[in-house]
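Right, one structure below, let's go through it.
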Amino acid sequence: MARRRSTLVLALLAAALTVVPATLGVGIAVLGAAVDGALPYGGCSGDGGIGGGSQSIGGTEWNAEQTENAATVVAGVVGRGLPRRAAVIAISTVIVESRLVNVEYGDRDSLGLFQQRPSQGWGTPEQVLNPVYATGIFLDRLGELPGWASMPPGEAAQAVQRSAFPDRYGPQEEPAAALVDRFWTGPDNPVPAPGGAATVRAATFACPDQGGAGLPSTPTDIAPGQLPPGFTLPADPAQRAAVGFALAQIGKPYVWGGKGPDGFDCSGLMLAAWASAGVAITAGTVNQKSAGTPASLAALAPGDLIFIPGSLGSPTNPRHVGMYIGSGLIVNAVDSATGIIAQPLSDWDGQVVGVRHIAGPAERAAPVGAGLAAAP
């Protein structure tokens, strides 16, 4: 509870310092011209990610985490073969519920992008904190509404969410439609016939794959579901869940923009692993470099995120992340040719530019022979 309260306090402080467009009540205002397109520090070569980084869309300025989450929601709709209308309804809902931020607090037990309540049958906390699952179950319930596609978005959203503030969804149709226009790929889809199969299409994203680790890798022979010889999972429940989840994904493919369950990119694996522990972290490597609290290689704890520039990044803008699991090992989604592996932390010697501690006990001594200098 203490961690959740401190997170809420930080979020409230951040909100107090954020200039928000009065007419919409959403977005992150920054210095610079409010014209559609990448903001000065945004774009694929800036803070990047699958959403194209920080940018102005439809006259509203969104940061990299918000565009990443918007792209994830739209991709979920495209992948199910649903019409654009479903994406507008879903995005307008998320704008109201979380301002497109994957939060681990809310009214009573509400969590995640859609502020879904585990006590009301939406799924476990671990599930609803994963944007892919959260989007999927929202679309499941939307599809159960007769005539949902002809409802005004506000009415359809309210029918799914059953909010105490039903009038808040409709006014967000315009910014939601602008976000959908930005991230939709291909033609619109027809409304699926009752009981009919939708045409599933793969989504493409605003930024192409930014490349993988960019380093030679030495995969271990750890198989999914197996622990390395002599390895024990952390005693702390959150670290144990996150590390156990990461280990279980070894052998799965690298998928750009993937947050599971069948494939992941490097940051998507980190998000899903910590979501499995009931801990929300931001989406995208450039956002995760500020997650949790600063740590160092001299005192690594299981579950810590470790950053390197990667193929297209830099020391100040790292584009690849992995998870330290203990015993001198790191799990990461390397690239499309390699997939998800466990490898020696020493493979990243000289390349580490940041470490972030997410949850659980900190300041555990790094393994002897890691061979790495302390990172900032």
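Chain labels A, B, ... are given in the sequence in which chains occur in the structure tokens; within each chain residues are numbered consecutively from 1, and ligands are likewise numbered from 1 in the order shown.
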
With a distance cut-off of 8 Å and only C-alpha atoms, select the neighbouring residues of segment 205-215 of chain A, excluding the residue or stretch itself and same-chain residues fewer than 2 positions from it, and output the selection as a list of chain:residue names.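 Answer for this query is A:Cys44, A:Gly48, A:Gly49, A:Ile50, A:Gly51, A:Gly52, A:Ala71, A:Phe183, A:Ala203, A:Ser217, A:Trp256, A:Gly257, A:Cys266, A:Ile308, A:Pro309, A:Gly310, A:Ser311, A:Leu312, A:Arg319, A:His320, A:Val321, A:Ala333, A:Val334, A:Asp335, A:Ser336, A:Asp347, A:Trp348.
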
At a cut-off of 8 Å, using only C-alpha atoms, what residues contact segment 239-245 of chain A? Leave out same-chain residues fewer than 6 positions from it and give the result as JSON, numbers by chain. {"A": [233, 273, 274, 275, 276, 277, 302, 303, 323, 325, 359, 360]}

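Near segment 140-150 of chain A, within a cut-off of 8 Å and counting only C-alpha atoms, sit the residues Arg85, Ala86, Gly136, Ile137, Phe138, Pro152, Ala156, Ala157, Ala159, Val160 and Val191 of chain A, with same-chain residues fewer than 2 positions away left out.
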
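The nearest approach to Gly42 of chain A among the residues A:Ala246, A:Val286, A:Leu100, A:Val73, with only C-alpha atoms taken into account, belongs to A:Val286.
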
What's around segment 36-38 of chain A at 6 Å? Count only C-alpha atoms, leave out sequence neighbours fewer than 5 positions away in its own chain, and write the answer as an NGL selection string. :A and (43 or 55-57)

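Every protein, DNA or RNA residue with an atom at most 9 Å from Val132 of chain A, where only C-alpha atoms count and chain neighbours fewer than 2 positions away do not, is listed here: Thr72, Val73, Gly76, Gln127, Val128, Leu129, Asn130, Ala134, Thr135, Gly136, Ile137, Gly258, Lys259, Gly260 and Pro261 of chain A.
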
Hey, can you spit out that residue selection with all heavy atoms as a CSV table (one decimal), in the first residue's frame?
```
chain,number,residue,atom,x,y,z
A,72,THR,N,-0.8,0.5,-29.3
A,72,THR,CA,-1.1,-0.8,-28.9
A,72,THR,C,-2.6,-1.1,-28.9
A,72,THR,O,-3.0,-2.2,-29.3
A,72,THR,CB,-0.5,-1.0,-27.4
A,72,THR,OG1,0.9,-0.9,-27.4
A,72,THR,CG2,-0.9,-2.4,-26.9
A,73,VAL,N,-3.4,-0.2,-28.5
A,73,VAL,CA,-4.8,-0.4,-28.5
A,73,VAL,C,-5.3,-0.5,-29.9
A,73,VAL,O,-6.1,-1.4,-30.2
A,73,VAL,CB,-5.5,0.8,-27.7
A,73,VAL,CG1,-7.1,0.7,-27.9
A,73,VAL,CG2,-5.2,0.8,-26.3
A,76,GLY,N,-4.6,-3.8,-31.4
A,76,GLY,CA,-5.4,-4.8,-30.9
A,76,GLY,C,-6.7,-4.9,-31.7
A,76,GLY,O,-7.3,-6.0,-32.0
A,127,GLN,N,-3.1,-9.4,-15.1
A,127,GLN,CA,-3.6,-9.4,-16.4
A,127,GLN,C,-4.0,-7.9,-16.9
A,127,GLN,O,-3.6,-7.5,-18.0
A,127,GLN,CB,-4.8,-10.3,-16.6
A,127,GLN,CG,-4.5,-11.8,-16.5
A,127,GLN,CD,-5.7,-12.6,-16.5
A,127,GLN,OE1,-6.7,-12.3,-15.8
A,127,GLN,NE2,-5.7,-13.8,-17.2
A,128,VAL,N,-4.8,-7.2,-16.1
A,128,VAL,CA,-5.3,-5.9,-16.5
A,128,VAL,C,-4.2,-4.9,-16.6
A,128,VAL,O,-4.4,-3.8,-17.2
A,128,VAL,CB,-6.4,-5.4,-15.6
A,128,VAL,CG1,-7.6,-6.4,-15.7
A,128,VAL,CG2,-6.0,-5.2,-14.2
A,129,LEU,N,-3.0,-5.2,-16.0
A,129,LEU,CA,-1.9,-4.2,-16.1
A,129,LEU,C,-1.1,-4.4,-17.4
A,129,LEU,O,-0.2,-3.7,-17.7
A,129,LEU,CB,-0.9,-4.4,-14.9
A,129,LEU,CG,-1.4,-3.7,-13.6
A,129,LEU,CD1,-0.5,-4.1,-12.4
A,129,LEU,CD2,-1.5,-2.2,-13.7
A,130,ASN,N,-1.4,-5.5,-18.1
A,130,ASN,CA,-0.8,-5.7,-19.5
A,130,ASN,C,-1.7,-5.0,-20.5
A,130,ASN,O,-2.9,-5.5,-20.7
A,130,ASN,CB,-0.6,-7.1,-19.8
A,130,ASN,CG,0.2,-7.4,-21.1
A,130,ASN,OD1,-0.1,-6.7,-22.1
A,130,ASN,ND2,1.1,-8.3,-21.0
A,134,ALA,N,-5.7,-6.0,-21.4
A,134,ALA,CA,-6.7,-5.0,-21.1
A,134,ALA,C,-7.5,-4.6,-22.3
A,134,ALA,O,-8.7,-4.5,-22.3
A,134,ALA,CB,-6.0,-3.8,-20.4
A,135,THR,N,-6.8,-4.4,-23.4
A,135,THR,CA,-7.5,-4.1,-24.7
A,135,THR,C,-8.4,-5.2,-25.1
A,135,THR,O,-9.5,-5.0,-25.6
A,135,THR,CB,-6.5,-3.7,-25.8
A,135,THR,OG1,-5.7,-2.6,-25.4
A,135,THR,CG2,-7.2,-3.4,-27.1
A,136,GLY,N,-7.8,-6.4,-25.1
A,136,GLY,CA,-8.6,-7.6,-25.5
A,136,GLY,C,-9.9,-7.8,-24.8
A,136,GLY,O,-10.9,-8.0,-25.4
A,137,ILE,N,-9.9,-7.7,-23.5
A,137,ILE,CA,-11.1,-8.0,-22.7
A,137,ILE,C,-12.1,-6.8,-22.9
A,137,ILE,O,-13.3,-7.0,-22.9
A,137,ILE,CB,-10.8,-8.2,-21.2
A,137,ILE,CG1,-12.0,-8.9,-20.6
A,137,ILE,CG2,-10.3,-7.0,-20.5
A,137,ILE,CD1,-11.8,-9.5,-19.2
A,258,GLY,N,5.6,-6.2,-29.5
A,258,GLY,CA,4.9,-7.3,-28.8
A,258,GLY,C,5.0,-7.2,-27.3
A,258,GLY,O,6.1,-6.9,-26.7
A,259,LYS,N,3.9,-7.4,-26.7
A,259,LYS,CA,3.8,-7.4,-25.2
A,259,LYS,C,3.2,-8.8,-24.7
A,259,LYS,O,2.7,-8.9,-23.6
A,259,LYS,CB,2.9,-6.3,-24.7
A,259,LYS,CG,3.5,-4.9,-25.1
A,259,LYS,CD,2.6,-3.8,-24.7
A,259,LYS,CE,3.3,-2.4,-25.0
A,259,LYS,NZ,3.5,-2.2,-26.4
A,260,GLY,N,3.3,-9.8,-25.6
A,260,GLY,CA,2.8,-11.1,-25.2
A,260,GLY,C,1.4,-11.4,-25.8
A,260,GLY,O,0.8,-10.5,-26.3
A,261,PRO,N,0.9,-12.6,-25.6
A,261,PRO,CA,1.7,-13.7,-24.9
A,261,PRO,C,2.6,-14.5,-25.8
A,261,PRO,O,3.4,-15.3,-25.3
A,261,PRO,CB,0.6,-14.6,-24.4
A,261,PRO,CG,-0.5,-14.4,-25.4
A,261,PRO,CD,-0.5,-13.0,-25.8
```

Enumerate, as a list in words, the complete set of residues in segment 309-358 of chain A that a backbone-based DSSP assignment places in helix (DSSP H, G or I).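 For segment 309-358 of chain A, the helix (DSSP H, G or I) set is Leu345, Ser346, Asp347 and Trp348 of chain A.
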
Could you check the closest approach to Gly46 of chain A for each of A:Ser296, A:Gln343, A:Gln161, A:Thr285 and tell me which residue wins, using only C-alpha atoms? A:Thr285

Counting only C-alpha atoms, what is within 12 Å of segment 352-356 of chain A, bar same-chain residues fewer than 5 positions away, as a PyMOL selection string? chain A and resi 213+215+270+281+285-310+313-324+345-347+362-363+371-376

Export, as an mmCIF file, in the first residue's frame, the selected residues with C-alpha atoms.
```
data_model
loop_
_atom_site.group_PDB
_atom_site.id
_atom_site.type_symbol
_atom_site.label_atom_id
_atom_site.label_comp_id
_atom_site.auth_asym_id
_atom_site.auth_seq_id
_atom_site.Cartn_x
_atom_site.Cartn_y
_atom_site.Cartn_z
ATOM 1 C CA ALA A 213 20.786 -5.362 -28.778
ATOM 2 C CA LEU A 215 25.883 -6.940 -29.493
ATOM 3 C CA MET A 270 9.894 -5.983 -19.266
ATOM 4 C CA ILE A 281 5.758 0.114 -15.578
ATOM 5 C CA THR A 285 12.478 1.461 -23.725
ATOM 6 C CA VAL A 286 12.866 5.233 -23.759
ATOM 7 C CA ASN A 287 10.133 5.514 -21.124
ATOM 8 C CA GLN A 288 11.358 2.614 -19.022
ATOM 9 C CA LYS A 289 14.756 4.244 -18.579
ATOM 10 C CA SER A 290 12.979 6.461 -16.015
ATOM 11 C CA ALA A 291 10.929 3.686 -14.378
ATOM 12 C CA GLY A 292 11.390 2.842 -10.725
ATOM 13 C CA THR A 293 14.486 4.285 -9.068
ATOM 14 C CA PRO A 294 18.118 4.614 -10.196
ATOM 15 C CA ALA A 295 20.389 1.690 -9.391
ATOM 16 C CA SER A 296 23.882 0.554 -10.313
ATOM 17 C CA LEU A 297 25.681 -2.508 -11.558
ATOM 18 C CA ALA A 298 27.611 -2.574 -8.295
ATOM 19 C CA ALA A 299 24.431 -3.464 -6.415
ATOM 20 C CA LEU A 300 22.055 -5.278 -8.751
ATOM 21 C CA ALA A 301 18.825 -6.827 -7.535
ATOM 22 C CA PRO A 302 16.764 -9.464 -9.386
ATOM 23 C CA GLY A 303 14.298 -7.790 -11.716
ATOM 24 C CA ASP A 304 16.381 -4.664 -12.266
ATOM 25 C CA LEU A 305 16.220 -3.268 -15.793
ATOM 26 C CA ILE A 306 19.551 -2.804 -17.573
ATOM 27 C CA PHE A 307 19.912 -0.503 -20.579
ATOM 28 C CA ILE A 308 22.356 -0.368 -23.478
ATOM 29 C CA PRO A 309 22.280 1.815 -26.613
ATOM 30 C CA GLY A 310 21.328 -1.066 -28.911
ATOM 31 C CA GLY A 313 20.394 4.175 -29.748
ATOM 32 C CA SER A 314 22.996 6.184 -27.894
ATOM 33 C CA PRO A 315 24.250 6.449 -24.295
ATOM 34 C CA THR A 316 21.678 9.167 -23.600
ATOM 35 C CA ASN A 317 18.911 7.520 -25.637
ATOM 36 C CA PRO A 318 19.199 3.756 -25.031
ATOM 37 C CA ARG A 319 17.085 1.561 -27.258
ATOM 38 C CA HIS A 320 17.578 -1.874 -25.701
ATOM 39 C CA VAL A 321 16.690 -3.225 -22.273
ATOM 40 C CA GLY A 322 17.018 -6.528 -20.443
ATOM 41 C CA MET A 323 16.240 -7.880 -16.986
ATOM 42 C CA TYR A 324 18.831 -9.018 -14.486
ATOM 43 C CA LEU A 345 25.583 -10.220 -18.090
ATOM 44 C CA SER A 346 29.233 -9.979 -19.074
ATOM 45 C CA ASP A 347 28.128 -9.980 -22.740
ATOM 46 C CA ALA A 362 17.532 -3.386 -3.472
ATOM 47 C CA GLU A 363 21.269 -3.198 -2.980
ATOM 48 C CA GLY A 371 33.144 -7.641 -15.035
ATOM 49 C CA LEU A 372 31.172 -4.439 -15.346
ATOM 50 C CA ALA A 373 31.829 -0.993 -13.984
ATOM 51 C CA ALA A 374 29.064 0.779 -12.082
ATOM 52 C CA ALA A 375 26.515 2.416 -14.340
ATOM 53 C CA PRO A 376 24.878 5.767 -13.602
#
```

Quick one: residues within 7 Å of Gly112 of chain A, only C-alpha atoms, excluding same-chain residues fewer than 3 positions away - as a tab-separated table (two decimals) with N, CA, C and O atoms, in the first residue's frame?
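File result15.tsv, as written:
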```tsv
chain	number	residue	atom	x	y	z
A	102	ASN	N	-0.44	3.57	-18.29
A	102	ASN	CA	-0.71	2.30	-17.63
A	102	ASN	C	-0.45	2.44	-16.14
A	102	ASN	O	0.65	2.22	-15.65
A	103	VAL	N	-1.49	2.80	-15.38
A	103	VAL	CA	-1.31	3.14	-13.97
A	103	VAL	C	-1.69	1.97	-13.06
A	103	VAL	O	-2.53	1.14	-13.41
A	104	GLU	N	-1.06	1.91	-11.89
A	104	GLU	CA	-1.34	0.83	-10.94
A	104	GLU	C	-2.15	1.32	-9.75
A	104	GLU	O	-2.08	0.78	-8.66
A	115	GLN	N	-8.62	1.15	-16.47
A	115	GLN	CA	-9.09	1.18	-15.08
A	115	GLN	C	-10.09	0.04	-14.81
A	115	GLN	O	-11.19	0.24	-14.31
A	116	GLN	N	-9.67	-1.15	-15.18
A	116	GLN	CA	-10.51	-2.33	-15.01
A	116	GLN	C	-10.35	-2.88	-13.60
A	116	GLN	O	-9.25	-2.88	-13.05
A	128	VAL	N	-4.77	-7.23	-16.06
A	128	VAL	CA	-5.27	-5.93	-16.50
A	128	VAL	C	-4.17	-4.88	-16.57
A	128	VAL	O	-4.36	-3.82	-17.19
A	129	LEU	N	-3.00	-5.15	-15.96
A	129	LEU	CA	-1.87	-4.23	-16.09
A	129	LEU	C	-1.09	-4.44	-17.38
A	129	LEU	O	-0.18	-3.67	-17.67
```

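Atom CA of Ala280 of chain A is found 8.9 Å from atom CA of Leu111 of chain A.
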
Just the strand (DSSP E or B) stuff from segment 5-221 of chain A, please, per backbone DSSP, written as a VMD selection string. chain A and resid 37 to 38 55 to 57 60 to 62 111 116
